[in-house]
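Chemist: Please see the structure below; I have some questions.
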Amino acid sequence: MPLRPGSLWLYDVARRVFTGIRDLARVRVVATGLDDVPPGQVVLAVTHFGYLDFVFVALLWWEQRRDRLRFLVGPRPYRSRLLGAAISACGGLAVVGKPGHASLKASLSTLDAGWSIALFPEAGVSRSFSVRTCHTGAVRMALQTGVPLVPVGVWGGHRIMTRGHGATTRRGAGSLRALWKAPIRIHFGAPVDLSGATGPEDAGRRLQAALQSAVDVAVLDFPLGHPAGAWWVPAAFGGGAPTEAERDIWDARDVMRGLRPDRDKM
């Protein structure tokens, strides 16, 4: 494996800070499926229902692998020079340009340098808390490099902070209270079988199915169950979250109004 450049010292500082917050709040992270993850370098395709999901994955990955993940990050945080600089110092890679252009090339170079990459192939938070159609960046990386593509379902983080339920919203005013002893379920699925895929779109559909399967595992044995009518529970499990059809309608309305539907392309 090629030598890895840089120490990412700010990544380690952030890791220690977030570990302290997690432990102080007594957050309970329950992970399964780690035995199915091949040793060495991987591409982690992660669901993204909550804004803090990347934190729990990164901390768990360090504790299990003593390895730093390079996350692909959408363009919005980079609008702040300070935040953008901090993300870059932590090894973050900006999702910029059209699908398959600069972002994919930078990711392939990062994989060639021996790093593991984590990204959110849905490219945004889904209102329905079910997996949306995946962009093809993750599968293109795996197909072009041969690095295993591992689906990671994260469940429970959206109860703390997510789209429309953040710390600054009326409905999410209790997000800090929700952090206290919050259960977080992370399930690692087996590497996605891309053999025989007819193209990136077909491979993307396989990834979407694998991600939804990983989420379903986490939902079914979530410590808090899946209470009927709860806003954070998918409609397919009897919850109060929007259905996938309702989600698609609202996303389309966002586009018509000129609003970003919370998706970045790659």
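Naming works like this for the structure tokens: A, B, ... for the chains as they're shown, residue 1 at the start of each chain, ligands 1 onward in shown order.
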Kindly provide the residues of region 138-205 of chain A that approach region 119-131 of chain A to within 9 Å, each paired with its closest atom pair and their distance in Å to one decimal, based on only C-alpha atoms, listed by chain and increasing number, as JSON lines.

Modeler:
{"residue": "A:Ala138", "atom": "CA", "partner": "A:Pro121", "partner_atom": "CA", "distance": 6.5}
{"residue": "A:His158", "atom": "CA", "partner": "A:Phe129", "partner_atom": "CA", "distance": 8.6}
{"residue": "A:Thr162", "atom": "CA", "partner": "A:Val125", "partner_atom": "CA", "distance": 7.6}
{"residue": "A:Arg163", "atom": "CA", "partner": "A:Val125", "partner_atom": "CA", "distance": 6.7}
{"residue": "A:Gly164", "atom": "CA", "partner": "A:Arg127", "partner_atom": "CA", "distance": 8.7}
{"residue": "A:Gly204", "atom": "CA", "partner": "A:Pro121", "partner_atom": "CA", "distance": 8.8}

Chemist: Show which residues sit within 10 Å of Ile186 (chain A), as an NGL selection string. Count only C-alpha atoms, and ignore same-chain residues fewer than 5 positions away.

Modeler: :A and (29-34 or 46-47 or 53 or 56-57 or 60 or 152-157 or 214-215 or 217-219 or 222)

Chemist: Apply DSSP to the structure's backbone, then extract all residues of region 45-215 of chain A labelled helix (DSSP H, G or I) and return them as a VMD selection string.

Modeler: chain A and resid 53 to 65 76 to 79 81 to 89 102 to 112 137 to 145 157 to 159 175 to 179 200 to 215

Chemist: From the list A:Val43, A:Ala209, A:Ile87, A:Ala228, which residue is nearest Gly240 (chain A) when using only C-alpha atoms?

Modeler: A:Ala228

Chemist: Running DSSP on the backbone, which parts of region 89-153 of chain A land in strand (DSSP E or B), as a PyMOL selection string?

Modeler: chain A and resi 93-94+116-119+149-153

Chemist: Pick out the closest residue to His48 (chain A) from this set: A:Pro77, A:Gly137, A:Gly20, A:Pro151. Count only C-alpha atoms.

Modeler: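 Closest to His48 (chain A), using only C-alpha atoms: A:Pro151.
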
Chemist: So which residues touch Arg26 (chain A) within 12 Å, counting only C-alpha atoms, skipping near sequence neighbours fewer than 5 positions away, as a PDB file with all heavy atoms, in the first residue's frame?

Modeler:
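So part31.pdb came out as:
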ATOM      1  N   THR A  19     -14.989  12.655  20.602  1.00  0.00           N
ATOM      2  CA  THR A  19     -15.002  11.488  21.493  1.00  0.00           C
ATOM      3  C   THR A  19     -15.377  11.912  22.903  1.00  0.00           C
ATOM      4  O   THR A  19     -16.180  11.239  23.576  1.00  0.00           O
ATOM      5  CB  THR A  19     -13.628  10.804  21.503  1.00  0.00           C
ATOM      6  OG1 THR A  19     -13.318  10.330  20.195  1.00  0.00           O
ATOM      7  CG2 THR A  19     -13.620   9.626  22.474  1.00  0.00           C
ATOM      8  N   GLY A  20     -14.823  13.042  23.354  1.00  0.00           N
ATOM      9  CA  GLY A  20     -15.153  13.546  24.682  1.00  0.00           C
ATOM     10  C   GLY A  20     -16.617  13.905  24.818  1.00  0.00           C
ATOM     11  O   GLY A  20     -17.261  13.590  25.826  1.00  0.00           O
ATOM     12  N   ILE A  21     -17.178  14.555  23.779  1.00  0.00           N
ATOM     13  CA  ILE A  21     -18.599  14.920  23.816  1.00  0.00           C
ATOM     14  C   ILE A  21     -19.469  13.669  23.819  1.00  0.00           C
ATOM     15  O   ILE A  21     -20.434  13.569  24.591  1.00  0.00           O
ATOM     16  CB  ILE A  21     -18.944  15.813  22.607  1.00  0.00           C
ATOM     17  CG1 ILE A  21     -18.209  17.153  22.715  1.00  0.00           C
ATOM     18  CG2 ILE A  21     -20.451  16.026  22.512  1.00  0.00           C
ATOM     19  CD1 ILE A  21     -18.359  18.034  21.493  1.00  0.00           C
ATOM     20  N   ARG A 177     -30.878  17.824  24.309  1.00  0.00           N
ATOM     21  CA  ARG A 177     -31.409  16.841  25.266  1.00  0.00           C
ATOM     22  C   ARG A 177     -31.457  15.459  24.629  1.00  0.00           C
ATOM     23  O   ARG A 177     -31.238  14.445  25.295  1.00  0.00           O
ATOM     24  CB  ARG A 177     -32.799  17.258  25.735  1.00  0.00           C
ATOM     25  CG  ARG A 177     -32.826  18.507  26.616  1.00  0.00           C
ATOM     26  CD  ARG A 177     -34.174  18.678  27.297  1.00  0.00           C
ATOM     27  NE  ARG A 177     -35.247  18.838  26.325  1.00  0.00           N
ATOM     28  CZ  ARG A 177     -35.627  19.996  25.811  1.00  0.00           C
ATOM     29  NH1 ARG A 177     -34.982  21.108  26.164  1.00  0.00           N
ATOM     30  NH2 ARG A 177     -36.619  20.064  24.955  1.00  0.00           N
ATOM     31  N   ALA A 178     -31.754  15.417  23.327  1.00  0.00           N
ATOM     32  CA  ALA A 178     -31.830  14.126  22.634  1.00  0.00           C
ATOM     33  C   ALA A 178     -30.464  13.453  22.557  1.00  0.00           C
ATOM     34  O   ALA A 178     -30.381  12.233  22.391  1.00  0.00           O
ATOM     35  CB  ALA A 178     -32.401  14.319  21.227  1.00  0.00           C
ATOM     36  N   LEU A 179     -29.395  14.240  22.662  1.00  0.00           N
ATOM     37  CA  LEU A 179     -28.053  13.665  22.617  1.00  0.00           C
ATOM     38  C   LEU A 179     -27.757  12.825  23.857  1.00  0.00           C
ATOM     39  O   LEU A 179     -26.987  11.862  23.791  1.00  0.00           O
ATOM     40  CB  LEU A 179     -27.019  14.798  22.486  1.00  0.00           C
ATOM     41  CG  LEU A 179     -25.550  14.389  22.377  1.00  0.00           C
ATOM     42  CD1 LEU A 179     -25.309  13.606  21.097  1.00  0.00           C
ATOM     43  CD2 LEU A 179     -24.644  15.626  22.416  1.00  0.00           C
ATOM     44  N   TRP A 180     -28.366  13.167  24.981  1.00  0.00           N
ATOM     45  CA  TRP A 180     -28.084  12.489  26.239  1.00  0.00           C
ATOM     46  C   TRP A 180     -28.505  11.017  26.156  1.00  0.00           C
ATOM     47  O   TRP A 180     -29.665  10.706  25.918  1.00  0.00           O
ATOM     48  CB  TRP A 180     -28.800  13.193  27.390  1.00  0.00           C
ATOM     49  CG  TRP A 180     -28.660  12.518  28.721  1.00  0.00           C
ATOM     50  CD1 TRP A 180     -29.621  11.845  29.406  1.00  0.00           C
ATOM     51  CD2 TRP A 180     -27.481  12.442  29.527  1.00  0.00           C
ATOM     52  NE1 TRP A 180     -29.138  11.358  30.587  1.00  0.00           N
ATOM     53  CE2 TRP A 180     -27.820  11.716  30.691  1.00  0.00           C
ATOM     54  CE3 TRP A 180     -26.184  12.924  29.385  1.00  0.00           C
ATOM     55  CZ2 TRP A 180     -26.898  11.452  31.703  1.00  0.00           C
ATOM     56  CZ3 TRP A 180     -25.269  12.675  30.388  1.00  0.00           C
ATOM     57  CH2 TRP A 180     -25.619  11.945  31.527  1.00  0.00           C
ATOM     58  N   LYS A 181     -27.542  10.119  26.307  1.00  0.00           N
ATOM     59  CA  LYS A 181     -27.742   8.673  26.273  1.00  0.00           C
ATOM     60  C   LYS A 181     -28.436   8.207  24.977  1.00  0.00           C
ATOM     61  O   LYS A 181     -29.145   7.194  24.978  1.00  0.00           O
ATOM     62  CB  LYS A 181     -28.544   8.211  27.498  1.00  0.00           C
ATOM     63  CG  LYS A 181     -27.809   8.395  28.817  1.00  0.00           C
ATOM     64  CD  LYS A 181     -28.602   7.814  29.977  1.00  0.00           C
ATOM     65  CE  LYS A 181     -27.834   7.950  31.281  1.00  0.00           C
ATOM     66  NZ  LYS A 181     -28.589   7.390  32.430  1.00  0.00           N
ATOM     67  N   ALA A 182     -28.224   8.960  23.907  1.00  0.00           N
ATOM     68  CA  ALA A 182     -28.867   8.606  22.641  1.00  0.00           C
ATOM     69  C   ALA A 182     -28.298   7.298  22.100  1.00  0.00           C
ATOM     70  O   ALA A 182     -27.086   7.110  22.062  1.00  0.00           O
ATOM     71  CB  ALA A 182     -28.650   9.714  21.615  1.00  0.00           C
ATOM     72  N   PRO A 183     -29.156   6.378  21.676  1.00  0.00           N
ATOM     73  CA  PRO A 183     -28.669   5.161  21.022  1.00  0.00           C
ATOM     74  C   PRO A 183     -28.391   5.428  19.550  1.00  0.00           C
ATOM     75  O   PRO A 183     -29.184   6.090  18.866  1.00  0.00           O
ATOM     76  CB  PRO A 183     -29.824   4.172  21.199  1.00  0.00           C
ATOM     77  CG  PRO A 183     -31.042   5.042  21.264  1.00  0.00           C
ATOM     78  CD  PRO A 183     -30.622   6.354  21.871  1.00  0.00           C
ATOM     79  N   ILE A 184     -27.286   4.921  19.058  1.00  0.00           N
ATOM     80  CA  ILE A 184     -26.921   5.027  17.649  1.00  0.00           C
ATOM     81  C   ILE A 184     -26.621   3.617  17.145  1.00  0.00           C
ATOM     82  O   ILE A 184     -25.805   2.903  17.725  1.00  0.00           O
ATOM     83  CB  ILE A 184     -25.670   5.915  17.436  1.00  0.00           C
ATOM     84  CG1 ILE A 184     -25.859   7.301  18.057  1.00  0.00           C
ATOM     85  CG2 ILE A 184     -25.349   6.012  15.947  1.00  0.00           C
ATOM     86  CD1 ILE A 184     -26.935   8.133  17.414  1.00  0.00           C
TER      87      ILE A 184
END

Chemist: Kindly indicate which residue among A:Ala86, A:Ala190, A:Val255, A:His135 lies nearest to Trp9 (chain A), using only C-alpha atoms for the distances.

Modeler: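 Of A:Ala86, A:Ala190, A:Val255, A:His135, the one nearest Trp9 (chain A), counting only C-alpha atoms, is A:Ala86.
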
Chemist: Can you list, as a PyMOL selection string, every protein, DNA or RNA residue that comes within 9 Å of region 63-68 of chain A when you count only C-alpha atoms, leaving out same-chain residues fewer than 5 positions away?

Modeler: chain A and resi 8+11-12+34+39-40+58+91+115-117

Chemist: Store the residues picked out above in a file with N, CA and C atoms, as a compact mmCIF listing (two decimals), in the first residue's frame.

Modeler:
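Now in again-v9.txt:
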# COMPACT_ATOMS: atom_id res chain seq x y z
N LEU A 8 -2.60 14.92 9.25
CA LEU A 8 -3.97 15.31 9.56
C LEU A 8 -4.13 15.57 11.06
N TYR A 11 -7.52 16.60 12.26
CA TYR A 11 -8.44 15.46 12.33
C TYR A 11 -8.35 14.82 13.71
N ASP A 12 -7.13 14.65 14.22
CA ASP A 12 -6.95 14.01 15.52
C ASP A 12 -7.48 14.90 16.65
N LEU A 34 -19.22 -5.63 11.45
CA LEU A 34 -17.81 -5.27 11.23
C LEU A 34 -16.98 -6.46 10.75
N PRO A 39 -10.29 -6.43 5.56
CA PRO A 39 -9.18 -5.64 6.11
C PRO A 39 -8.60 -4.74 5.04
N GLY A 40 -7.94 -3.69 5.47
CA GLY A 40 -7.29 -2.79 4.53
C GLY A 40 -8.21 -1.70 4.02
N ALA A 58 -16.86 7.99 11.87
CA ALA A 58 -15.43 8.28 11.95
C ALA A 58 -14.83 7.82 13.28
N GLY A 91 -8.73 16.57 6.13
CA GLY A 91 -8.66 15.59 5.05
C GLY A 91 -9.90 15.51 4.19
N TRP A 115 -5.50 5.82 1.05
CA TRP A 115 -6.50 6.17 2.06
C TRP A 115 -7.79 5.41 1.84
N SER A 116 -8.59 5.28 2.90
CA SER A 116 -9.97 4.85 2.78
C SER A 116 -10.85 6.09 2.69
N ILE A 117 -11.91 6.00 1.91
CA ILE A 117 -12.80 7.13 1.67
C ILE A 117 -14.19 6.79 2.19

Chemist: Which is closest to Gly189 (chain A) among A:Val17, A:Leu82, A:Ala142, A:Ala45, if we use only C-alpha atoms?

Modeler: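 Among the listed residues, the smallest separation from Gly189 (chain A) belongs to A:Ala45.
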
Chemist: When you count only C-alpha atoms, which of these residues is closest to Gly114 (chain A): A:Ala210, A:Gln41, A:Pro191, A:Phe18?

Modeler: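 When distances to Gly114 (chain A) are compared using only C-alpha atoms, the smallest one comes from A:Gln41.
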